[in-house]
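A.B. asks: Can you keep this structure in mind? I'll have questions shortly.
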Amino acid sequence: MWKFTLRRIVTMIPQVLLLSIIVFILAKMMPGDALSGMVDPNIDPNTIAEKREALGLNDPWYQQYTRWLGGVFQGDLGQSFHFKMDVSELVWQRIVNSFWLSLLTLVLTYLIAIPLGITSGRYNDSWSDRLITGYTYIGFAMPIFIFALVMLWVFGFYLDLFPTGGSVEPGIEPGTFEYIMSKIYHMLLPALSMALITTVSTVQYLRSEIIDTKQKDFILTARAKGASESRVYNRHILRNSLLPIAAFLGYEITGLIGGSIFIENIFGYPGMGQLFLNSILLRDYSVVTALVLLFGILSILGALLSDIILSLVDPRIRIK
Amino acid sequence: MSFLEVNDLKVHFPIRGGFFGGTQGYVKAVDGVSFSIEKGKTYGLVGESGSGKTTTGRAIIGLNKITSGKVLFDGQEITDLHRASKDIRRDIQMIFQDPYSSLNPKKRVSDIIAEPLRNYEKLTKGEEQKRVQELLELVGLSPESSLKYPHEFSGGQRQRIGIARAIALKPKLIIADEPVSALDVSVQAQVLNFMQDIQKELGLTYLFISHDLGVIKHMCDEIGIMYKGRYVESGTKEDIFNNPQHIYTKRLVAAIPDINPRNRSQHLQFRQEVKKEYEQAFNKYFDSEGLAYQLQPVSNTHLVALPEKG
Amino acid sequence: MSEPILEINHLTTSFRIKDEHYAAVDDVSLTVNKNELLAIVGESGCGKSALAFSIMRLHNRAKIEGEIKFKGQNIAGFNTSQLNALRGKDMGMIFQDPLTALNPLMMIGDQIGEILLIHNKNLSVNKRKGRVIELLNKVGIPGAEHVYNQFPHELSGGMRQRVVIAMAIANNPELLIADEPTTALDVTIQSQILDLMKELKEESQAGVILITHDLGVVAEMADRVAVMYAGQIVEIADVYTLFENPLHPYTRSLLNSVPTANEEQSKLHVIQGVVPSLQNLPREGCRFSARIPWISESAHEKNPVLHEVSPGHFVRCTCYKDFHFPDGQKEEHNHVIS
């Protein structure tokens with residue numbers, strides 16, 4: 001098991017390297033560079049050119065890349081041109097915010113998906129099933145940013161039930177109970193908006209798992225044993241259908257990253273997603289490359305997590 | 001000289017594992033199998049699941065990579081069938097077990113049967129159609145069936161389509177891998193009879209792979225019994241059924257249900273005796289790894305895997 | 001003399017396909033006595049499995065008409081909880097494929113333990129485990145203590161089927177239904193499983209229904225045999241009569257098409273045509289007539305019924321009197337099937 005995990009992480013390295021090269025080149029290909037938006041237009045173009053030379057921005061991309069990579073290995077992701085601080089420090093602040101938002105979203109996703117999926121799968125082709133699948137189709141069709149905007153307008157502005165930006169009420173002492181409650185309060189609407197959309201794939205997955213398991217031969221065996229309907233469902237169908245869902249968790253992380261970019265921007269939530277979009281707009285490419293790299297690593301780790309969970313819950317899969 | 005000769009055939013599959021996914025060992029699916037088939041005869045390869053009988057058949061036709069050993073077809077070496085000449089490749093065809101999954105459900109029967117023709121022969125549309133019609137007639141299907149899809153046929157009819165595809169190129173050797181195992185008794189009879197008829201008509205040689213000794217006895221001239229990748233016994237039909245020497249063969253023969261209910265208790269007793277012998281004499285017939293020994297001749301035609309004397 | 005455990009009278013099981021009901025089991029009557037093994041034999045689609053499932057009422061959406069009397073009680077009208085009290089307790093079932101019949105995520109011990117628990121909530125955990133081990137030993141599984149904590153995929157096919165059998169006999173049922181119990185197994189394993197079933201039957205004196213397509217298995221196992229074709233029983237007799245004096249054309253044809261390991265036949269008999277599908281069953285007349293076209297119309301009955309030709313030997317339709325195999329049988333296979 002540990003061997004497997006370690007092996008997967010080792011094989012991750014070339015993937016991540018390749019990813020970083022692509023990201024780096026793409027960042028370089030973006031029109032303009034860090035100096036374009038930063039420097040006073042009245043400064044002599046020669047000075048800017050000198051500055052460029054001094055920063056090594058005129059070197060071939062692979063020289064710049066190796067320099068950057070060398071830094072990454074020492075834990076130095078470079079400087080943010082915009083925020084004038086270490087990228088690593090900047091990203092760390094945002095990661096914590098994004099982590100809590102993602103966690104809450106995940107919890108809500110499963111809180112919605114499990115009862116809906118079970119109802120839909122157990123009573124398939126009933127009215128409640130049709131209602132639930134109808135919802136999932138809307139969820140699939142609805143772009144997350146439009147839905148989030150609607151939620152923001154309805155619950156944030158019109159009904160005024162939730163804050164419409166930030167991650168915490170300004171001026172509260174960090175660490176207090178009030179501070180934590182304020183954080184959760186700020187996360188609730190963005191998390192719910194995201195969960196309501198991302199949950200639909202889990203609902204569908206669980207529904208089809210249950211319908212599939214219902215027709216398995218061992219369900220017939222259970223019935224032939226004289227098991228009551230509730231026992232058949234709880235002991236055999238549900239357990240067997242929920243396991244793949246649990247293993248799906250790792251992949252959910254990938255979905256969350258994509259979703260958070262929209263959600264954090266719409267709700268003005270200071271997380272990685274918001275930072276990412278801002279950095280692109282500001283040509284703050286050291287931040288962009290660092291974040292894309294991070295997203296990539298998280299996705300790969302997510303897939304690994306899924307494999308590990310699956311091997312833990314399914315006795316047929318044993319990882320050596 | 002025999003038509004098909006297999007010499008010390010080995011097919012080993014690597015087991016991957018370890019830190020870098022290297023080869024940790026081998027599954028010896030086929031481990032030193034030798035036999036030969038005379039032209040126009042039917043050779044039966046018998047064994048239970050995991051015996052390597054299917055892998056042997058698939059290796060001969062190039063579907064599994066041969067680890068070592070030699071395969072000679074009509075005097076020519078075809079161990080690496082992909083490099084063998086096109087003529088030889090078309091001479092060997094295969095019939096698969098499951099008539100439900102071995103035919104592409106999205107293709108019409110005419111396309112399924114014409115596929116080997118398209119691969120090996122450049123025919124005009126008209127010629128191709130004519131050949132397909134001839135083949136359909138040969139396997140006893142109506143001309144209209146060429147426009148239908150596989151799901152519109154019964155199991156027996158589908159297996160006939162599979163046979164039509166196999167004989168489209170007028171092959172000389174057909175490897176039939178459990179061709180009737182998925183079929184009902186009466187349909188099985190239909191396919192078996194038909195296979196015998198086209199054998200006579202086209203002068204075919206069969207390598208008939210099956211777990212069903214009843215079918216093997218009905219179809220085959222010579223028989224090889226496999227167990228865990230090795231031969232335990234080979235010989236003519238009479239050798240195997242009337243004079244089985246290896247305990248495993250005896251066990252297989254004893255396990256066939258007797259169709260006469262009057263023999264029931266007698267047969268049960270026989271079975272129990274063989275079972276007892278199997279348990280007591282296991283070490284005499286199998287080596288320390290539980291595998292069969294090398295074959296030793298007991299008569300001109302009859303070989304049995306026994307430890308070397310002395 | 002013999003004590004019936006199960007008595008089925010005019011059982012019809014039909015399925016709804018596109019607003020119409022089609023009978024997969026059509027007017028079947030039979031009895032199973034204590035310590036008797038009744039084999040139901042036929043080819044795929046003849047309704048033999050549907051019949052087995054109907055007795056236990058395992059079909060979800062089947063319409064069941066007629067009487068199923070189990071120990072004198074008509075269980076055809078039972079509701080689910082009444083049935084659940086019988087299933088797994090008084091009636092056990094053995095399925096065809098032991099791999100799919102076991103829950104892949106549940107330990108063997110738990111799966112067998114479950115059937116004990118369902119029918120005896122008061123059994124202590126320890127007693128239950130003891131009984132499971134006892135059952136595993138009884139069906140000949142070596143290392144029962146170890147197997148108890150194993151998962152189905154860790155066992156071989158034969159061992160799995162023994163587990164399924166252990167489950168079926170856990171509560172000493174009086175009726176055991178085995179649906180093609182050895183079809184998925186190797187020959188040597190098949191004979192072991194069949195011998196085990198016979199042993200268990202003798203010991204428990206249970207009535208057994210054995211569903212199979214394999215006439216060899218029938219000859220080895222059965223006391224009585226019912227032959228089914230297209231949803232109906234076409235012949236029913238004790239095993240010796242059936243093999244020595246088969247009367248119905250279908251039974252005779254079937255016996256002639258088996259490549260037995262004992263007899264030399266150069267050509268097997270081929271039954272003309274194909275088994276009609278459920279939707280295309282002839283609604284009246286002899287259902288087998290289309291497959292023996294050389295027998296004249298007048299030989300068949302208009303509404304074929306079972307005739308008792310000798311005590312306990314029943315044959316459907318009068319066509320058996322005139323039946324003969326066609327001349328020139330050798331050319332049989334040349335008949336175009338389409």
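Just remember, in the structure tokens the first chain shown is A, the second B, etc., residues are 1-based per chain, and ligands are 1-based in the order shown.
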As a ChimeraX atom specification, which residues of segment 123-257 of chain C does DSSP assign to alpha helix (DSSP H)?
C.D. replies: /C:125-138,144-148,157-168,187-204,215-221,239-244,249-256
A.B. asks: Please determine the contact residues of chain A with respect to chain B at a cut-off of 10 Å, counting only C-alpha atoms, and supply them as a short mmCIF file (atom, residue, chain, number, x, y, z; two decimals) with N, CA and C atoms, in the first residue's frame.
C.D. replies:
data_model
loop_
_atom_site.label_atom_id
_atom_site.label_comp_id
_atom_site.auth_asym_id
_atom_site.auth_seq_id
_atom_site.Cartn_x
_atom_site.Cartn_y
_atom_site.Cartn_z
N LYS A 3 3.99 1.29 -0.62
CA LYS A 3 4.81 1.16 -1.82
C LYS A 3 4.07 1.70 -3.02
N PHE A 4 2.81 1.33 -3.10
CA PHE A 4 1.99 1.77 -4.23
C PHE A 4 1.89 3.30 -4.24
N THR A 5 1.60 3.87 -3.07
CA THR A 5 1.45 5.31 -2.97
C THR A 5 2.74 6.01 -3.37
N LEU A 6 3.82 5.46 -2.86
CA LEU A 6 5.11 6.07 -3.16
C LEU A 6 5.41 5.98 -4.65
N ARG A 7 5.08 4.81 -5.22
CA ARG A 7 5.34 4.63 -6.64
C ARG A 7 4.53 5.62 -7.46
N ARG A 8 3.26 5.77 -7.05
CA ARG A 8 2.42 6.70 -7.78
C ARG A 8 2.96 8.12 -7.68
N VAL A 10 6.09 8.95 -7.23
CA VAL A 10 7.31 9.04 -8.05
C VAL A 10 6.95 9.19 -9.53
N THR A 11 5.97 8.40 -9.98
CA THR A 11 5.60 8.51 -11.39
C THR A 11 4.91 9.84 -11.68
N ILE A 319 -3.93 -3.33 -3.18
CA ILE A 319 -2.74 -2.71 -3.75
C ILE A 319 -1.51 -3.17 -2.98
N LYS A 320 -0.55 -3.62 -3.75
CA LYS A 320 0.67 -4.11 -3.10
C LYS A 320 1.67 -2.99 -2.96
#
A.B. asks: Could you check which of C:His324, C:Arg128, C:Arg57, C:His313 is closest to Trp294 of chain C, using only C-alpha atoms?
C.D. replies: C:His324
A.B. asks: Pick out the residues sitting within 10 Å of Asp129 of chain A, and hand them over as JSON, numbers by chain; count only C-alpha atoms, and ignore anything fewer than 6 positions along from it in its own chain.
C.D. replies: {"A": [116, 117, 118, 119, 120, 121, 122, 123, 135, 207]}
A.B. asks: Could you tell me which residues of chain B sit within 7 Å of chain C when counting only C-alpha atoms, and give me the result as a ChimeraX atom specification?
C.D. replies: /B:48-49,140-142,184-186,189-190,193-194,213-215,217-218,251-252,255-261,264
A.B. asks: Limited to C-alpha atoms, could you put the picked residues into a file as an mmCIF file, in the first residue's frame?
C.D. replies:
data_model
loop_
_atom_site.group_PDB
_atom_site.id
_atom_site.type_symbol
_atom_site.label_atom_id
_atom_site.label_comp_id
_atom_site.auth_asym_id
_atom_site.auth_seq_id
_atom_site.Cartn_x
_atom_site.Cartn_y
_atom_site.Cartn_z
ATOM 1 C CA GLU B 48 -10.633 -27.652 -17.268
ATOM 2 C CA SER B 49 -10.517 -23.911 -16.763
ATOM 3 C CA GLY B 140 -27.447 -23.386 -44.390
ATOM 4 C CA LEU B 141 -28.620 -19.836 -43.978
ATOM 5 C CA SER B 142 -31.066 -18.163 -46.345
ATOM 6 C CA ASP B 184 -28.304 -25.843 -26.148
ATOM 7 C CA VAL B 185 -28.056 -29.592 -26.747
ATOM 8 C CA SER B 186 -30.171 -29.676 -29.880
ATOM 9 C CA ALA B 189 -25.953 -31.219 -32.369
ATOM 10 C CA GLN B 190 -26.699 -29.024 -35.366
ATOM 11 C CA ASN B 193 -22.974 -32.236 -37.498
ATOM 12 C CA PHE B 194 -22.343 -29.269 -39.691
ATOM 13 C CA LEU B 213 -15.502 -34.990 -23.012
ATOM 14 C CA GLY B 214 -18.759 -36.134 -24.549
ATOM 15 C CA VAL B 215 -18.379 -33.694 -27.417
ATOM 16 C CA LYS B 217 -15.354 -38.187 -27.925
ATOM 17 C CA HIS B 218 -17.946 -37.626 -30.590
ATOM 18 C CA ARG B 251 -10.866 -38.519 -12.954
ATOM 19 C CA LEU B 252 -12.135 -36.567 -15.945
ATOM 20 C CA ALA B 255 -16.753 -37.260 -13.859
ATOM 21 C CA ILE B 256 -18.786 -37.512 -17.060
ATOM 22 C CA PRO B 257 -22.369 -38.177 -16.044
ATOM 23 C CA ASP B 258 -23.630 -41.537 -17.234
ATOM 24 C CA ILE B 259 -26.701 -41.205 -19.420
ATOM 25 C CA ASN B 260 -28.093 -44.512 -18.193
ATOM 26 C CA PRO B 261 -29.760 -44.098 -14.798
ATOM 27 C CA ARG B 264 -25.958 -44.790 -11.247
#
A.B. asks: Taking only C-alpha atoms into account, report as a list in words which residues of chain A lie within 9 Å of chain C.
C.D. replies: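 Within 9 Å of chain C on chain A, we get Lys216, Asp217, Phe218, Ile219, Leu220, Thr221, Ala222, Arg223, Ala224, Lys225, Gly226, Ala227, Ser228, Glu229, His236, Arg239, Asn240, Val313, Asp314, Pro315 and Arg316 of chain A.
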A.B. asks: Please, what distance in Å, to one decimal, runs between atom CA of Gly157 of chain C and atom CA of His12 of chain B?
C.D. replies: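 Spanning atom CA of Gly157 of chain C to atom CA of His12 of chain B is a straight-line distance of 23.7 Å.
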A.B. asks: State, in Å with one decimal place, the distance from atom CA of Val125 of chain C to atom CA of Val232 of chain A.
C.D. replies: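 Calculated distance between atom CA of Val125 of chain C and atom CA of Val232 of chain A is 20.5 Å.
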A.B. asks: Find the spatial neighbours of segment 221-232 of chain B, counting only C-alpha atoms, within a cut-off of 6 Å - ignore same-chain residues fewer than 2 positions away - and output them as JSON, numbers by chain.
C.D. replies: {"B": [29, 30, 31, 42, 43, 44, 45, 46, 47, 51, 52, 234, 235, 236, 237, 292, 304, 305]}
A.B. asks: Selected residues, N, CA and C atoms, written as a short mmCIF file (atom, residue, chain, number, x, y, z; two decimals), in the first residue's frame, please.
C.D. replies:
data_model
loop_
_atom_site.label_atom_id
_atom_site.label_comp_id
_atom_site.auth_asym_id
_atom_site.auth_seq_id
_atom_site.Cartn_x
_atom_site.Cartn_y
_atom_site.Cartn_z
N ALA B 29 1.17 -20.28 -18.49
CA ALA B 29 -0.14 -20.71 -19.00
C ALA B 29 -0.01 -21.97 -19.85
N VAL B 30 1.00 -21.96 -20.69
CA VAL B 30 1.30 -23.17 -21.47
C VAL B 30 2.78 -23.44 -21.23
N ASP B 31 3.10 -24.66 -20.81
CA ASP B 31 4.46 -24.90 -20.34
C ASP B 31 5.03 -26.17 -20.96
N THR B 42 -9.37 -34.59 -36.77
CA THR B 42 -9.79 -33.68 -35.72
C THR B 42 -9.02 -34.04 -34.45
N TYR B 43 -8.33 -33.04 -33.93
CA TYR B 43 -7.55 -33.26 -32.72
C TYR B 43 -8.24 -32.54 -31.57
N GLY B 44 -8.50 -33.25 -30.51
CA GLY B 44 -9.19 -32.64 -29.38
C GLY B 44 -8.23 -32.23 -28.28
N LEU B 45 -8.39 -31.02 -27.83
CA LEU B 45 -7.58 -30.54 -26.71
C LEU B 45 -8.54 -30.35 -25.53
N VAL B 46 -8.34 -31.13 -24.49
CA VAL B 46 -9.28 -31.14 -23.37
C VAL B 46 -8.62 -30.62 -22.11
N GLY B 47 -9.38 -29.96 -21.30
CA GLY B 47 -8.86 -29.52 -20.01
C GLY B 47 -9.91 -28.69 -19.31
N SER B 51 -6.38 -24.70 -17.65
CA SER B 51 -5.47 -25.74 -18.08
C SER B 51 -4.53 -25.25 -19.18
N GLY B 52 -4.89 -24.16 -19.83
CA GLY B 52 -4.04 -23.61 -20.89
C GLY B 52 -4.45 -24.05 -22.28
N SER B 234 -1.90 -38.17 -23.84
CA SER B 234 -2.40 -37.98 -25.19
C SER B 234 -2.44 -39.32 -25.89
N GLY B 235 -3.35 -39.42 -26.83
CA GLY B 235 -3.50 -40.68 -27.53
C GLY B 235 -4.72 -40.67 -28.41
N THR B 236 -5.02 -41.83 -28.98
CA THR B 236 -6.23 -41.91 -29.79
C THR B 236 -7.44 -41.90 -28.87
N LYS B 237 -8.60 -41.71 -29.49
CA LYS B 237 -9.84 -41.71 -28.72
C LYS B 237 -9.94 -42.98 -27.87
N ALA B 292 2.37 -31.76 -13.97
CA ALA B 292 2.54 -33.07 -14.60
C ALA B 292 4.00 -33.27 -15.02
N VAL B 304 1.79 -40.84 -21.78
CA VAL B 304 1.29 -40.49 -20.45
C VAL B 304 2.38 -39.78 -19.67
N ALA B 305 1.98 -38.76 -18.91
CA ALA B 305 2.96 -38.02 -18.11
C ALA B 305 3.25 -38.77 -16.82
#
A.B. asks: List as number ranges by chain the protein and nucleic acid residues near Val91 of chain A, meaning an atom at most 12 Å away when only C-alpha atoms are counted, but skip any in the same chain fewer than 3 places from it.
C.D. replies: A: 76-80, 83, 85-88, 94-99, 270-276, 279, 286-295
A.B. asks: Choose the residue, out of A:Phe24, A:Trp153, A:Tyr251, A:Phe145, that has the smallest atom-to-atom separation from Trp68 of chain A; count only C-alpha atoms.
C.D. replies: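 Comparing A:Phe24, A:Trp153, A:Tyr251, A:Phe145 against Trp68 of chain A, the winner is A:Phe24.
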A.B. asks: Between atom CA of Asn149 of chain C and atom CA of Glu209 of chain A, what is the spacing in Å?
C.D. replies: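 Those two atoms sit 26.2 Å apart.
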A.B. asks: If you count only C-alpha atoms, which residues fall within 8 Å of segment 87-95 of chain B, apart from same-chain ones fewer than 2 positions away, as a VMD selection string?
C.D. replies: chain B and resid 61 81 to 82 84 to 85 97 120 162 to 163 166 to 167 169 to 177 179
A.B. asks: Could you write out the selected residues, including all heavy atoms, as a short mmCIF file (atom, residue, chain, number, x, y, z; two decimals), in the first residue's frame?
C.D. replies:
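So selection-v4.cif came out as:
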data_model
loop_
_atom_site.label_atom_id
_atom_site.label_comp_id
_atom_site.auth_asym_id
_atom_site.auth_seq_id
_atom_site.Cartn_x
_atom_site.Cartn_y
_atom_site.Cartn_z
N ILE B 61 -2.50 -19.48 -33.46
CA ILE B 61 -3.01 -18.55 -34.47
C ILE B 61 -2.46 -17.13 -34.27
O ILE B 61 -2.82 -16.20 -34.97
CB ILE B 61 -4.56 -18.59 -34.49
CG1 ILE B 61 -5.08 -18.09 -35.84
CG2 ILE B 61 -5.17 -17.83 -33.35
CD1 ILE B 61 -6.53 -18.38 -36.06
N LEU B 81 3.49 -15.92 -36.38
CA LEU B 81 2.53 -15.92 -37.47
C LEU B 81 2.42 -14.56 -38.16
O LEU B 81 2.11 -14.47 -39.34
CB LEU B 81 1.16 -16.37 -36.97
CG LEU B 81 0.20 -16.84 -38.07
CD1 LEU B 81 0.65 -18.16 -38.62
CD2 LEU B 81 -1.21 -16.95 -37.55
N HIS B 82 2.71 -13.51 -37.41
CA HIS B 82 2.57 -12.18 -38.01
C HIS B 82 3.60 -11.98 -39.12
O HIS B 82 3.38 -11.21 -40.04
CB HIS B 82 2.73 -11.10 -36.95
CG HIS B 82 1.62 -11.15 -35.96
ND1 HIS B 82 0.36 -10.75 -36.27
CD2 HIS B 82 1.60 -11.60 -34.69
CE1 HIS B 82 -0.42 -10.95 -35.21
NE2 HIS B 82 0.31 -11.46 -34.25
N ALA B 84 4.79 -14.58 -40.81
CA ALA B 84 4.62 -15.64 -41.81
C ALA B 84 3.94 -15.05 -43.04
O ALA B 84 3.35 -13.98 -42.99
CB ALA B 84 3.78 -16.76 -41.24
N SER B 85 4.03 -15.77 -44.13
CA SER B 85 3.48 -15.23 -45.37
C SER B 85 1.96 -15.16 -45.27
O SER B 85 1.32 -15.89 -44.51
CB SER B 85 3.89 -16.10 -46.55
OG SER B 85 3.10 -17.27 -46.55
N GLN B 97 -15.83 -19.24 -29.00
CA GLN B 97 -16.80 -19.88 -28.12
C GLN B 97 -18.18 -19.24 -28.16
O GLN B 97 -19.18 -19.89 -28.36
CB GLN B 97 -16.28 -19.86 -26.68
CG GLN B 97 -17.33 -20.29 -25.68
CD GLN B 97 -16.77 -20.41 -24.29
OE1 GLN B 97 -15.64 -20.09 -24.03
NE2 GLN B 97 -17.58 -20.91 -23.38
N TYR B 120 -7.86 -10.23 -47.52
CA TYR B 120 -6.89 -11.08 -48.22
C TYR B 120 -7.09 -11.12 -49.72
O TYR B 120 -6.20 -11.48 -50.45
CB TYR B 120 -6.95 -12.51 -47.68
CG TYR B 120 -6.32 -12.63 -46.32
CD1 TYR B 120 -7.08 -12.59 -45.15
CD2 TYR B 120 -4.94 -12.77 -46.20
CE1 TYR B 120 -6.49 -12.70 -43.92
CE2 TYR B 120 -4.34 -12.88 -44.96
CZ TYR B 120 -5.12 -12.84 -43.82
OH TYR B 120 -4.54 -12.96 -42.60
N GLY B 162 -20.37 -17.44 -37.68
CA GLY B 162 -18.96 -17.45 -37.29
C GLY B 162 -18.18 -18.47 -38.10
O GLY B 162 -17.04 -18.23 -38.50
N ILE B 163 -18.81 -19.61 -38.38
CA ILE B 163 -18.14 -20.64 -39.18
C ILE B 163 -17.99 -20.16 -40.61
O ILE B 163 -16.94 -20.33 -41.23
CB ILE B 163 -18.92 -21.98 -39.10
CG1 ILE B 163 -18.85 -22.53 -37.66
CG2 ILE B 163 -18.35 -22.99 -40.07
CD1 ILE B 163 -19.68 -23.75 -37.42
N ALA B 166 -15.15 -18.05 -40.82
CA ALA B 166 -13.89 -18.79 -40.69
C ALA B 166 -13.53 -19.54 -41.97
O ALA B 166 -12.36 -19.68 -42.30
CB ALA B 166 -13.97 -19.76 -39.52
N ILE B 167 -14.54 -20.01 -42.71
CA ILE B 167 -14.21 -20.80 -43.90
C ILE B 167 -14.21 -19.96 -45.17
O ILE B 167 -14.00 -20.49 -46.27
CB ILE B 167 -15.15 -22.02 -44.07
CG1 ILE B 167 -16.60 -21.56 -44.21
CG2 ILE B 167 -14.99 -22.99 -42.92
CD1 ILE B 167 -17.56 -22.71 -44.52
N LEU B 169 -12.14 -18.01 -46.48
CA LEU B 169 -10.90 -18.01 -47.26
C LEU B 169 -10.43 -19.41 -47.61
O LEU B 169 -9.28 -19.62 -47.97
CB LEU B 169 -9.81 -17.28 -46.46
CG LEU B 169 -10.06 -15.80 -46.25
CD1 LEU B 169 -9.16 -15.25 -45.16
CD2 LEU B 169 -9.84 -15.03 -47.53
N LYS B 170 -11.34 -20.38 -47.49
CA LYS B 170 -11.00 -21.79 -47.73
C LYS B 170 -9.73 -22.18 -46.96
O LYS B 170 -8.72 -22.58 -47.56
CB LYS B 170 -10.80 -22.05 -49.22
CG LYS B 170 -12.02 -21.69 -50.06
CD LYS B 170 -11.94 -22.35 -51.43
CE LYS B 170 -13.19 -22.15 -52.23
NZ LYS B 170 -13.38 -20.75 -52.69
N PRO B 171 -9.79 -22.08 -45.64
CA PRO B 171 -8.60 -22.41 -44.85
C PRO B 171 -8.38 -23.91 -44.84
O PRO B 171 -9.24 -24.69 -45.27
CB PRO B 171 -8.97 -21.91 -43.45
CG PRO B 171 -10.44 -22.06 -43.39
CD PRO B 171 -10.94 -21.79 -44.78
N LYS B 172 -7.22 -24.30 -44.34
CA LYS B 172 -6.94 -25.74 -44.25
C LYS B 172 -7.05 -26.23 -42.82
O LYS B 172 -7.31 -27.39 -42.55
CB LYS B 172 -5.53 -26.01 -44.80
CG LYS B 172 -5.47 -25.75 -46.29
CD LYS B 172 -4.06 -25.91 -46.82
CE LYS B 172 -4.03 -25.62 -48.30
NZ LYS B 172 -2.76 -24.97 -48.69
N LEU B 173 -6.79 -25.30 -41.88
CA LEU B 173 -6.86 -25.68 -40.46
C LEU B 173 -7.81 -24.72 -39.75
O LEU B 173 -7.73 -23.51 -39.93
CB LEU B 173 -5.47 -25.57 -39.83
CG LEU B 173 -5.39 -25.75 -38.31
CD1 LEU B 173 -5.66 -27.19 -37.91
CD2 LEU B 173 -4.04 -25.31 -37.77
N ILE B 174 -8.71 -25.29 -38.96
CA ILE B 174 -9.59 -24.44 -38.17
C ILE B 174 -9.38 -24.76 -36.70
O ILE B 174 -9.40 -25.93 -36.28
CB ILE B 174 -11.07 -24.63 -38.56
CG1 ILE B 174 -11.31 -23.95 -39.91
CG2 ILE B 174 -12.00 -24.03 -37.51
CD1 ILE B 174 -12.75 -23.93 -40.34
N ILE B 175 -9.14 -23.71 -35.93
CA ILE B 175 -9.02 -23.87 -34.49
C ILE B 175 -10.37 -23.50 -33.90
O ILE B 175 -10.80 -22.35 -34.01
CB ILE B 175 -7.89 -22.97 -33.94
CG1 ILE B 175 -6.55 -23.41 -34.56
CG2 ILE B 175 -7.85 -23.05 -32.42
CD1 ILE B 175 -5.40 -22.51 -34.22
N ALA B 176 -11.04 -24.46 -33.32
CA ALA B 176 -12.38 -24.22 -32.78
C ALA B 176 -12.28 -24.22 -31.26
O ALA B 176 -12.02 -25.24 -30.64
CB ALA B 176 -13.34 -25.30 -33.26
N ASP B 177 -12.46 -23.03 -30.67
CA ASP B 177 -12.31 -22.89 -29.23
C ASP B 177 -13.68 -22.98 -28.57
O ASP B 177 -14.45 -22.04 -28.61
CB ASP B 177 -11.64 -21.56 -28.91
CG ASP B 177 -11.39 -21.39 -27.43
OD1 ASP B 177 -11.49 -22.39 -26.69
OD2 ASP B 177 -11.10 -20.26 -27.00
N PRO B 179 -16.52 -24.40 -29.45
CA PRO B 179 -17.51 -23.83 -30.37
C PRO B 179 -18.95 -24.09 -29.97
O PRO B 179 -19.84 -23.39 -30.45
CB PRO B 179 -17.17 -24.52 -31.70
CG PRO B 179 -16.50 -25.78 -31.32
CD PRO B 179 -15.74 -25.49 -30.07
#
